[in-house]
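Student: For reference, this is model01.csv, and it has CSV, C-alpha atoms and all ligand atoms.
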```
chain,number,residue,atom,x,y,z
B,7,MET,CA,129.0,145.8,35.3
B,8,ALA,CA,129.7,142.8,37.6
B,9,ASN,CA,130.8,139.6,35.9
B,10,LEU,CA,128.7,137.0,37.6
B,11,LYS,CA,130.6,134.2,35.9
B,12,ASN,CA,133.5,135.0,38.3
B,13,ILE,CA,131.3,134.2,41.4
B,14,ARG,CA,131.8,130.5,42.3
B,15,PRO,CA,128.6,128.4,42.6
B,16,LYS,CA,129.6,127.3,46.2
B,17,ALA,CA,129.8,130.9,47.3
B,18,LEU,CA,126.4,131.6,45.8
B,19,LEU,CA,124.9,128.5,47.5
B,20,GLY,CA,126.3,129.7,50.8
B,21,LEU,CA,124.8,133.1,50.3
B,22,LEU,CA,121.4,131.5,49.5
B,23,VAL,CA,121.5,129.4,52.7
B,24,ILE,CA,122.3,132.5,54.8
B,25,VAL,CA,119.4,134.4,53.3
B,26,LEU,CA,116.9,131.5,53.5
B,27,LEU,CA,117.6,130.1,56.9
B,28,PRO,CA,116.1,132.9,59.0
B,29,ILE,CA,113.1,132.9,56.6
B,30,LEU,CA,112.6,129.2,57.1
B,31,ALA,CA,113.0,129.5,60.8
B,32,ALA,CA,110.1,132.0,60.8
B,33,CYS,CA,107.9,129.3,59.2
B,34,SER,CA,107.7,127.1,62.2
B,35,SER,CA,104.1,126.2,63.0
B,36,THR,CA,102.1,128.1,65.6
B,37,ASP,CA,101.0,124.7,66.9
B,38,ASN,CA,104.4,124.3,68.4
B,39,PRO,CA,103.8,124.1,72.2
B,40,LEU,CA,106.6,126.5,73.0
B,41,THR,CA,105.6,129.1,70.3
B,42,THR,CA,105.6,132.8,71.2
B,43,PHE,CA,103.9,133.7,67.9
B,44,SER,CA,100.5,132.8,69.1
B,45,PRO,CA,100.0,134.9,72.3
B,46,LYS,CA,96.9,134.0,74.4
B,47,SER,CA,97.1,136.7,77.1
B,48,ASP,CA,97.4,140.5,77.5
B,49,VAL,CA,101.0,140.2,78.7
B,50,ALA,CA,102.0,137.8,75.9
B,51,HIS,CA,100.4,140.2,73.4
B,52,SER,CA,102.4,143.1,74.8
B,53,ILE,CA,105.6,141.1,74.4
B,54,GLN,CA,104.7,139.9,70.9
B,55,ASP,CA,103.9,143.5,69.8
B,56,LEU,CA,107.4,144.6,71.0
B,57,TYR,CA,109.0,141.7,69.2
B,58,VAL,CA,107.2,142.6,65.9
B,59,ILE,CA,108.5,146.2,66.1
B,60,ILE,CA,112.1,145.1,66.8
B,61,PHE,CA,111.9,142.3,64.2
B,62,TRP,CA,110.9,144.7,61.4
B,63,ALA,CA,113.4,147.4,62.5
B,64,ALA,CA,116.1,144.8,62.4
B,65,THR,CA,115.0,143.5,59.0
B,66,ALA,CA,115.1,147.0,57.6
B,67,VAL,CA,118.6,147.6,59.0
B,68,PHE,CA,119.7,144.2,57.6
B,69,ILE,CA,118.4,144.9,54.1
B,70,ILE,CA,119.9,148.4,53.9
B,71,VAL,CA,123.3,147.5,55.3
B,72,GLU,CA,123.7,144.3,53.3
B,73,SER,CA,122.6,146.0,50.1
B,74,LEU,CA,125.2,148.8,50.5
B,75,LEU,CA,127.8,146.2,51.3
B,76,LEU,CA,127.0,144.1,48.3
B,77,TYR,CA,126.9,147.2,46.1
B,78,ALA,CA,130.3,148.3,47.4
B,79,VAL,CA,131.9,144.9,47.1
B,80,ILE,CA,130.8,144.5,43.5
B,81,LYS,CA,131.2,148.1,42.3
B,82,PHE,CA,134.6,148.8,43.8
B,83,ARG,CA,136.1,145.3,43.4
B,84,ARG,CA,139.7,145.2,42.2
B,85,ARG,CA,140.0,144.9,38.4
B,86,PRO,CA,143.1,143.8,36.4
B,87,ASN,CA,145.5,146.7,35.8
B,88,ASP,CA,144.0,148.7,38.7
B,89,GLY,CA,146.6,150.9,40.4
B,90,ILE,CA,146.6,151.6,44.1
B,91,PRO,CA,143.2,153.1,45.0
B,92,LYS,CA,142.9,156.7,46.2
B,93,GLN,CA,144.0,156.8,49.9
B,94,VAL,CA,141.6,158.4,52.3
B,95,HIS,CA,141.7,159.0,56.0
B,96,GLY,CA,138.3,159.3,57.8
B,97,ASN,CA,135.1,161.0,56.7
B,98,THR,CA,133.5,163.1,59.4
B,99,ALA,CA,130.1,163.4,57.7
B,100,LEU,CA,129.9,159.7,57.1
B,101,GLU,CA,131.0,158.8,60.6
B,102,LEU,CA,128.5,161.2,62.2
B,103,THR,CA,125.8,159.7,60.1
B,104,TRP,CA,126.5,156.1,61.0
B,105,THR,CA,126.7,157.0,64.7
B,106,ILE,CA,123.5,159.2,64.8
B,107,ILE,CA,121.2,156.9,62.8
B,108,PRO,CA,121.8,153.8,65.0
B,109,ALA,CA,121.5,155.9,68.1
B,110,LEU,CA,118.1,157.1,66.9
B,111,ILE,CA,117.1,153.5,66.1
B,112,LEU,CA,118.1,152.4,69.6
B,113,VAL,CA,116.0,155.2,71.1
B,114,ALA,CA,113.1,154.3,69.0
B,115,ILE,CA,113.3,150.7,70.2
B,116,ALA,CA,114.0,151.7,73.8
B,117,ILE,CA,110.8,153.8,74.2
B,118,PRO,CA,108.2,151.0,73.5
B,119,THR,CA,110.5,148.5,75.4
B,120,TRP,CA,110.5,150.7,78.4
B,121,ILE,CA,106.7,151.3,78.3
B,122,THR,CA,106.1,147.5,78.0
B,123,ILE,CA,108.5,146.6,80.8
B,124,PHE,CA,106.6,149.0,83.2
B,125,GLU,CA,103.2,147.9,81.9
B,126,ILE,CA,103.9,144.2,82.7
B,127,ASP,CA,106.0,144.8,85.9
B,128,ASP,CA,103.4,145.3,88.6
B,129,VAL,CA,101.0,142.6,89.4
B,130,PRO,CA,97.4,144.0,89.4
B,131,ALA,CA,96.1,144.5,92.9
B,132,ASP,CA,93.0,142.3,92.2
B,133,ALA,CA,95.0,139.4,90.7
B,134,TYR,CA,94.3,135.8,91.8
B,135,MET,CA,97.7,135.0,93.5
B,136,ILE,CA,99.2,131.5,93.3
B,137,GLU,CA,102.4,130.6,95.0
B,138,ILE,CA,104.8,128.7,92.8
B,139,VAL,CA,107.8,126.8,94.1
B,140,GLY,CA,110.3,125.2,91.8
B,141,HIS,CA,111.8,121.9,92.8
B,142,GLN,CA,114.4,119.7,91.1
B,143,TRP,CA,112.5,118.8,88.8
B,144,TRP,CA,108.8,119.7,89.2
B,145,TRP,CA,106.5,122.6,90.0
B,146,GLU,CA,104.4,123.1,93.1
B,147,ALA,CA,101.5,125.4,93.1
B,148,THR,CA,99.6,126.6,96.2
B,149,TYR,CA,96.3,128.4,95.9
B,150,PRO,CA,95.1,131.3,98.1
B,151,ASP,CA,93.0,129.0,100.3
B,152,GLY,CA,95.8,126.5,100.8
B,153,GLN,CA,95.0,123.9,98.1
B,154,VAL,CA,98.2,122.4,96.6
B,155,THR,CA,98.8,120.8,93.2
B,156,ALA,CA,101.8,120.0,91.1
B,157,ASN,CA,102.8,120.5,87.4
B,158,GLU,CA,99.3,120.8,86.0
B,159,ILE,CA,98.3,124.3,87.2
B,160,HIS,CA,94.7,125.2,86.7
B,161,VAL,CA,93.7,128.9,86.7
B,162,PRO,CA,90.3,130.7,86.1
B,163,SER,CA,89.8,132.5,82.8
B,164,ASP,CA,87.9,135.5,84.1
B,165,ARG,CA,90.5,137.4,85.9
B,166,SER,CA,94.2,138.4,86.1
B,167,ILE,CA,96.4,135.6,87.6
B,168,GLY,CA,99.5,136.5,89.6
B,169,PHE,CA,102.4,134.3,90.7
B,170,ASN,CA,104.8,134.6,93.6
B,171,LEU,CA,107.8,132.6,92.5
B,172,ASN,CA,110.2,130.8,94.9
B,173,THR,CA,112.6,127.9,94.7
B,174,ALA,CA,113.1,125.0,97.1
B,175,ASP,CA,116.6,124.3,95.9
B,176,VAL,CA,118.5,125.8,92.9
B,177,LEU,CA,117.7,128.4,90.2
B,178,HIS,CA,114.7,127.6,88.0
B,179,SER,CA,112.8,129.8,85.5
B,180,PHE,CA,109.1,129.8,84.9
B,181,TRP,CA,107.8,130.2,81.4
B,182,VAL,CA,104.5,129.5,79.6
B,183,PRO,CA,105.3,131.2,76.3
B,184,GLN,CA,101.8,131.7,75.1
B,185,LEU,CA,100.8,133.4,78.4
B,186,PHE,CA,103.8,135.2,79.8
B,187,GLY,CA,107.6,135.8,79.5
B,188,LYS,CA,110.3,134.1,81.6
B,189,GLN,CA,110.9,134.9,85.2
B,190,ASP,CA,113.7,133.3,87.3
B,191,LEU,CA,113.1,131.6,90.7
B,192,LEU,CA,115.9,132.6,93.0
B,193,PRO,CA,116.8,131.3,96.5
B,194,GLY,CA,115.9,133.8,99.2
B,195,ARG,CA,113.9,136.1,96.9
B,196,THR,CA,110.3,136.2,95.7
B,197,ASN,CA,109.8,137.2,92.1
B,198,THR,CA,106.4,137.9,90.6
B,199,LEU,CA,104.7,137.4,87.2
B,200,TRP,CA,101.1,137.9,86.1
B,201,PHE,CA,98.8,137.6,83.1
B,202,THR,CA,95.2,137.9,82.1
B,203,PRO,CA,94.0,134.9,80.0
B,204,GLU,CA,92.2,135.6,76.8
B,205,VAL,CA,91.0,132.1,76.0
B,206,GLU,CA,90.5,128.8,77.8
B,207,GLY,CA,92.8,125.9,77.0
B,208,ARG,CA,95.9,124.0,78.0
B,209,PHE,CA,99.3,125.8,77.6
B,210,PHE,CA,102.6,124.2,77.7
B,211,GLY,CA,105.4,125.5,79.9
B,212,GLN,CA,109.0,124.6,80.6
B,213,CYS,CA,111.8,125.4,83.1
B,214,VAL,CA,114.2,127.7,81.2
B,215,GLU,CA,117.1,128.0,83.6
B,216,PHE,CA,119.5,125.1,83.7
B,217,CYS,CA,118.9,123.4,87.0
B,218,GLY,CA,120.6,120.0,86.8
B,219,ILE,CA,120.4,116.8,84.9
B,220,SER,CA,116.7,116.7,84.4
B,221,HIS,CA,116.2,120.4,83.6
B,222,ALA,CA,114.7,119.5,80.3
B,223,ASN,CA,112.2,117.2,82.0
B,224,MET,CA,110.9,120.1,84.2
B,225,ARG,CA,107.8,120.9,82.3
B,226,LEU,CA,104.3,122.0,83.2
B,227,GLU,CA,100.9,122.7,81.8
B,228,MET,CA,98.9,125.8,82.6
B,229,ILE,CA,95.2,125.0,82.2
B,230,VAL,CA,92.9,128.0,81.8
B,231,ASP,CA,89.4,126.9,82.9
B,232,SER,CA,86.1,128.6,82.9
B,233,PRO,CA,85.4,130.0,86.4
B,234,THR,CA,82.8,127.2,87.1
B,235,VAL,CA,85.2,124.3,86.0
B,236,PHE,CA,88.0,125.9,87.9
B,237,ALA,CA,86.0,126.2,91.1
B,238,GLU,CA,84.9,122.6,90.8
B,239,TRP,CA,88.5,121.4,90.2
B,240,LEU,CA,89.7,123.5,93.2
B,241,SER,CA,87.1,122.1,95.6
B,242,GLY,CA,87.9,118.6,94.2
B,243,ILE,CA,91.4,118.9,95.6
B,244,GLU,CA,90.1,119.1,99.1
B,245,SER,CA,87.4,116.4,98.9
B,246,PRO,CA,88.8,112.9,99.7
B,247,ALA,CA,88.9,110.5,96.7
B,248,PRO,CA,86.1,107.9,96.6
B,249,ALA,CA,86.8,104.6,98.4
B,250,PRO,CA,89.0,102.6,96.1
B,251,ALA,CA,88.0,99.2,94.5
B,252,ALA,CA,89.8,96.0,95.5
B,253,LEU,CA,93.1,96.4,93.5
B,254,ALA,CA,93.3,100.1,94.3
B,255,ALA,CA,92.6,99.4,97.9
B,256,THR,CA,95.7,97.3,98.0
B,257,GLY,CA,97.6,100.2,96.3
B,258,HIS,CA,96.2,102.5,99.0
B,259,ASP,CA,97.8,100.4,101.7
B,260,LEU,CA,101.0,99.9,99.8
B,261,PHE,CA,101.2,103.7,99.4
B,262,ALA,CA,101.8,103.8,103.2
B,263,SER,CA,103.7,100.5,103.8
B,264,LYS,CA,106.1,101.2,100.9
B,265,GLY,CA,106.9,104.6,102.3
B,266,CYS,CA,105.4,106.8,99.6
B,267,VAL,CA,103.5,108.8,102.3
B,268,ALA,CA,106.8,110.2,103.6
B,269,CYS,CA,107.1,112.4,100.6
B,270,HIS,CA,103.7,112.8,99.0
B,271,THR,CA,100.5,114.4,100.2
B,272,ILE,CA,97.1,113.1,99.2
B,273,SER,CA,94.0,115.0,100.4
B,274,GLY,CA,91.8,113.0,102.8
B,275,ARG,CA,94.6,110.8,104.0
B,276,ASP,CA,95.9,111.6,107.4
B,277,ASP,CA,99.0,109.4,106.8
B,278,ALA,CA,100.0,111.0,103.5
B,279,VAL,CA,101.2,114.5,104.3
B,280,GLY,CA,104.8,114.5,102.9
B,281,VAL,CA,106.0,117.6,101.1
B,282,ILE,CA,109.2,116.5,99.6
B,283,GLY,CA,107.6,115.2,96.4
B,284,PRO,CA,104.6,116.5,94.4
B,285,ASN,CA,101.2,116.7,96.0
B,286,LEU,CA,99.2,113.8,94.4
B,287,SER,CA,95.6,114.8,95.2
B,288,LEU,CA,93.5,114.4,92.0
B,289,PHE,CA,96.5,112.7,90.4
B,290,GLY,CA,94.1,110.4,88.5
B,291,SER,CA,92.6,113.4,86.7
B,292,ARG,CA,95.8,114.8,85.5
B,293,LEU,CA,96.6,114.3,81.8
B,294,THR,CA,100.3,114.1,82.3
B,295,LEU,CA,102.9,112.7,84.7
B,296,ALA,CA,106.5,113.3,85.6
B,297,SER,CA,106.3,117.1,85.3
B,298,ALA,CA,104.2,117.0,82.1
B,299,THR,CA,106.8,115.0,80.2
B,300,LEU,CA,104.5,111.9,79.6
B,301,PRO,CA,100.8,111.3,79.0
B,302,ASN,CA,99.2,109.9,82.2
B,303,THR,CA,98.5,106.4,80.9
B,304,THR,CA,98.6,103.1,82.7
B,305,GLU,CA,101.6,102.1,80.6
B,306,ASN,CA,103.6,105.3,81.4
B,307,LEU,CA,102.6,105.3,85.1
B,308,THR,CA,103.7,101.6,85.3
B,309,ALA,CA,107.0,102.5,83.6
B,310,TRP,CA,107.5,105.5,85.9
B,311,LEU,CA,107.0,103.4,89.1
B,312,ASN,CA,109.1,100.6,87.7
B,313,ASP,CA,112.1,102.8,87.0
B,314,PRO,CA,111.7,106.6,87.6
B,315,GLU,CA,115.4,107.1,87.0
B,316,ASP,CA,115.0,106.0,83.4
B,317,ILE,CA,112.3,108.6,82.8
B,318,LYS,CA,113.7,111.5,84.8
B,319,PRO,CA,117.4,111.0,85.5
B,320,GLY,CA,118.6,112.1,88.9
B,321,ASN,CA,115.2,112.6,90.5
B,322,ILE,CA,114.9,112.4,94.3
B,323,MET,CA,112.5,109.5,94.3
B,324,ALA,CA,114.8,107.3,92.3
B,325,ARG,CA,117.7,108.4,94.4
B,326,SER,CA,116.3,108.3,97.9
B,327,ALA,CA,113.1,106.2,98.2
B,328,PRO,CA,113.9,102.9,99.9
B,329,ILE,CA,111.9,101.0,97.3
B,330,TYR,CA,114.4,102.1,94.7
B,331,THR,CA,117.6,102.1,96.7
B,332,ASN,CA,117.1,98.9,98.7
B,333,PRO,CA,116.7,95.8,96.4
B,334,ASP,CA,115.0,93.9,99.2
B,335,LEU,CA,112.2,96.5,99.2
B,336,ALA,CA,111.8,96.8,95.4
B,337,LEU,CA,108.2,96.9,94.1
B,338,THR,CA,107.0,93.7,92.5
B,339,ASN,CA,105.0,93.9,89.3
B,340,ALA,CA,101.8,93.1,91.2
B,341,GLU,CA,102.5,95.9,93.7
B,342,ILE,CA,103.1,98.3,90.9
B,343,ASP,CA,99.8,97.4,89.3
B,344,ALA,CA,98.0,98.0,92.6
B,345,LEU,CA,99.7,101.4,93.1
B,346,VAL,CA,98.8,102.4,89.5
B,347,ALA,CA,95.2,101.4,90.2
B,348,TYR,CA,95.2,103.4,93.4
B,349,LEU,CA,96.8,106.5,91.9
B,350,GLN,CA,94.4,106.4,88.9
B,351,SER,CA,91.5,106.3,91.4
B,352,LEU,CA,92.5,109.7,92.8
B,353,GLN,CA,89.9,111.6,90.8
L,401,LIG,CU1,114.3,123.8,86.8
L,401,LIG,CU2,115.6,124.0,84.8
```
Before we go any further, please render this structure as structure tokens.
Tutor:
Amino acid sequence: MANLKNIRPKALLGLLVIVLLPILAACSSTDNPLTTFSPKSDVAHSIQDLYVIIFWAATAVFIIVESLLLYAVIKFRRRPNDGIPKQVHGNTALELTWTIIPALILVAIAIPTWITIFEIDDVPADAYMIEIVGHQWWWEATYPDGQVTANEIHVPSDRSIGFNLNTADVLHSFWVPQLFGKQDLLPGRTNTLWFTPEVEGRFFGQCVEFCGISHANMRLEMIVDSPTVFAEWLSGIESPAPAPAALAATGHDLFASKGCVACHTISGRDDAVGVIGPNLSLFGSRLTLASATLPNTTENLTAWLNDPEDIKPGNIMARSAPIYTNPDLALTNAEIDALVAYLQSLQ
């Protein structure tokens, strides 16, 4: 019988931590925006089902192997006065067993994996296709009829949604964990993804391929709308924003005179057709700004216009826009207030 008094408390604690850590890790809430444990689409469910199979297979292997190991360590430990143990060299039956069983397990895992990969590989022919372009560090989405938006990507709930994925600069990877798995955006190649939503709602996404200093700030939201709400939103992109009130009107003019128009497009403005930065049509109705990193509030928008480098280090606007590179052209507080009012009026 094992003498437990010989096991040191520290070793026991270490063992306990090793056993408990993975269990605790599994307890993270499904409210976590990057959870994969709460799938909300057909594709996400397929991936989750596969995960469950592999998780329990791995758990069974872990328990069996560790139990045998512990049994052997305790039962065959060295005791005082033990002589040299019996010397053996190989055991064909044992070696065959521990080769064939893992091979069978791998085959058992490979079959559903293979089926799932093929299942989710081809975009359905009737999918609603959206072009996604990754930029350092934001997302551009172009709809089938040419409407363009950025970072908050609305989709209809009543059909399969497909994406053609491209990049404007370096590698990125597109991932909305509750809706679909990761797919890389590669220069010179179009990758695809698709899913069919199961519920309406807002789903958090994140770039998952390191793409420079603000990689972590390259987030997005996918918003699954009812077909009516989606159609309204989509047509809203094209209709010019209502005439701005006094302060916003000043911002409207500053948007041109301060050079913002060189990089940003706003529907209904002939002078604002830049494509280097995110399309800002309907910006006022977005709930987030700076690639879904901050709530779209007056305070955050003011802070963003005041010092974008502070919020998203390395971004092109902070690096290249004359209002940030030339101190003589820097925005005054009053000008920022006017631009904020104008951007918020873009509903
Ligand atoms: Cu884009 Cu990381």
Student: Could you produce a table of the residues of chain B lying within 9 Å of ligand LIG 401 (chain L), with the nearest pair of atoms per residue and their separation in Å rounded to one decimal, using all atoms listed in the file, ordered by chain and increasing residue number, as a tab-separated table?
Tutor:
```
residue	atom	partner	partner_atom	distance
B:Gly140	CA	L:LIG401	CU1	6.6
B:His141	CA	L:LIG401	CU1	6.8
B:Gln142	CA	L:LIG401	CU1	5.9
B:Trp143	CA	L:LIG401	CU1	5.7
B:Trp144	CA	L:LIG401	CU1	7.3
B:Trp145	CA	L:LIG401	CU1	8.5
B:Val176	CA	L:LIG401	CU1	7.7
B:Leu177	CA	L:LIG401	CU1	6.7
B:His178	CA	L:LIG401	CU1	4.0
B:Ser179	CA	L:LIG401	CU1	6.3
B:Phe180	CA	L:LIG401	CU1	8.2
B:Leu191	CA	L:LIG401	CU1	8.8
B:Gln212	CA	L:LIG401	CU2	7.8
B:Cys213	CA	L:LIG401	CU2	4.4
B:Val214	CA	L:LIG401	CU2	5.3
B:Glu215	CA	L:LIG401	CU2	4.4
B:Phe216	CA	L:LIG401	CU2	4.2
B:Cys217	CA	L:LIG401	CU2	4.0
B:Gly218	CA	L:LIG401	CU2	6.7
B:Ile219	CA	L:LIG401	CU2	8.7
B:Ser220	CA	L:LIG401	CU2	7.4
B:His221	CA	L:LIG401	CU2	3.8
B:Ala222	CA	L:LIG401	CU2	6.4
B:Asn223	CA	L:LIG401	CU2	8.1
B:Met224	CA	L:LIG401	CU1	5.7
B:Arg225	CA	L:LIG401	CU1	8.4
```
Student: Print the selection's residues with C-alpha atoms to a file, as a compact mmCIF listing (two decimals), keeping the file's coordinate frame.
Tutor:
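So out.txt came out as:
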```
# COMPACT_ATOMS: atom_id res chain seq x y z
CA GLY B 140 110.30 125.20 91.80
CA HIS B 141 111.80 121.90 92.80
CA GLN B 142 114.40 119.70 91.10
CA TRP B 143 112.50 118.80 88.80
CA TRP B 144 108.80 119.70 89.20
CA TRP B 145 106.50 122.60 90.00
CA VAL B 176 118.50 125.80 92.90
CA LEU B 177 117.70 128.40 90.20
CA HIS B 178 114.70 127.60 88.00
CA SER B 179 112.80 129.80 85.50
CA PHE B 180 109.10 129.80 84.90
CA LEU B 191 113.10 131.60 90.70
CA GLN B 212 109.00 124.60 80.60
CA CYS B 213 111.80 125.40 83.10
CA VAL B 214 114.20 127.70 81.20
CA GLU B 215 117.10 128.00 83.60
CA PHE B 216 119.50 125.10 83.70
CA CYS B 217 118.90 123.40 87.00
CA GLY B 218 120.60 120.00 86.80
CA ILE B 219 120.40 116.80 84.90
CA SER B 220 116.70 116.70 84.40
CA HIS B 221 116.20 120.40 83.60
CA ALA B 222 114.70 119.50 80.30
CA ASN B 223 112.20 117.20 82.00
CA MET B 224 110.90 120.10 84.20
CA ARG B 225 107.80 120.90 82.30
```
Student: Pick out the residues sitting within 10 Å of Ser166 in chain B, and hand them over as a short mmCIF file (atom, residue, chain, number, x, y, z; two decimals) with C-alpha atoms, in the frame of the given file; count all atoms listed in the file, and ignore anything fewer than 6 positions along from it in its own chain.
Tutor:
```
data_model
loop_
_atom_site.label_atom_id
_atom_site.label_comp_id
_atom_site.auth_asym_id
_atom_site.auth_seq_id
_atom_site.Cartn_x
_atom_site.Cartn_y
_atom_site.Cartn_z
CA SER B 47 97.10 136.70 77.10
CA ASP B 48 97.40 140.50 77.50
CA VAL B 129 101.00 142.60 89.40
CA PRO B 130 97.40 144.00 89.40
CA ALA B 131 96.10 144.50 92.90
CA ASP B 132 93.00 142.30 92.20
CA ALA B 133 95.00 139.40 90.70
CA TYR B 134 94.30 135.80 91.80
CA MET B 135 97.70 135.00 93.50
CA TRP B 200 101.10 137.90 86.10
CA PHE B 201 98.80 137.60 83.10
CA THR B 202 95.20 137.90 82.10
CA PRO B 203 94.00 134.90 80.00
CA GLU B 204 92.20 135.60 76.80
#
```
Student: By how many Å are CA of Leu56 in chain B and CA of Ile69 in chain B apart?
Tutor: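 Computed distance, CA of Leu56 in chain B to CA of Ile69 in chain B, equals 20.2 Å.
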Student: Counting all atoms listed in the file, which residue out of B:Ile317, B:Ile272, B:Leu112, B:Leu171 sits closest to Leu288 in chain B?
Tutor: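 Checking each candidate against Leu288 in chain B, we get B:Ile272 as the closest.
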Student: For a cut-off of 12 Å around (103.1, 113.4, 102.2), file coordinates, pick out all residues using only C-alpha atoms and list them as a PyMOL selection string.
Tutor: chain B and resi 154+261-262+265-287
Student: Smallest atom-to-atom distance to Ala340 in chain B: which of B:Thr308, B:Gln54, B:Ala324, B:Glu125, using only C-alpha atoms?
Tutor: B:Thr308
Student: Using only C-alpha atoms, which residue out of B:Val182, B:Ala336, B:Ala296, B:Val230 lies closest to Thr42 in chain B?
Tutor: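 So, comparing all the options, the nearest one is B:Val182.
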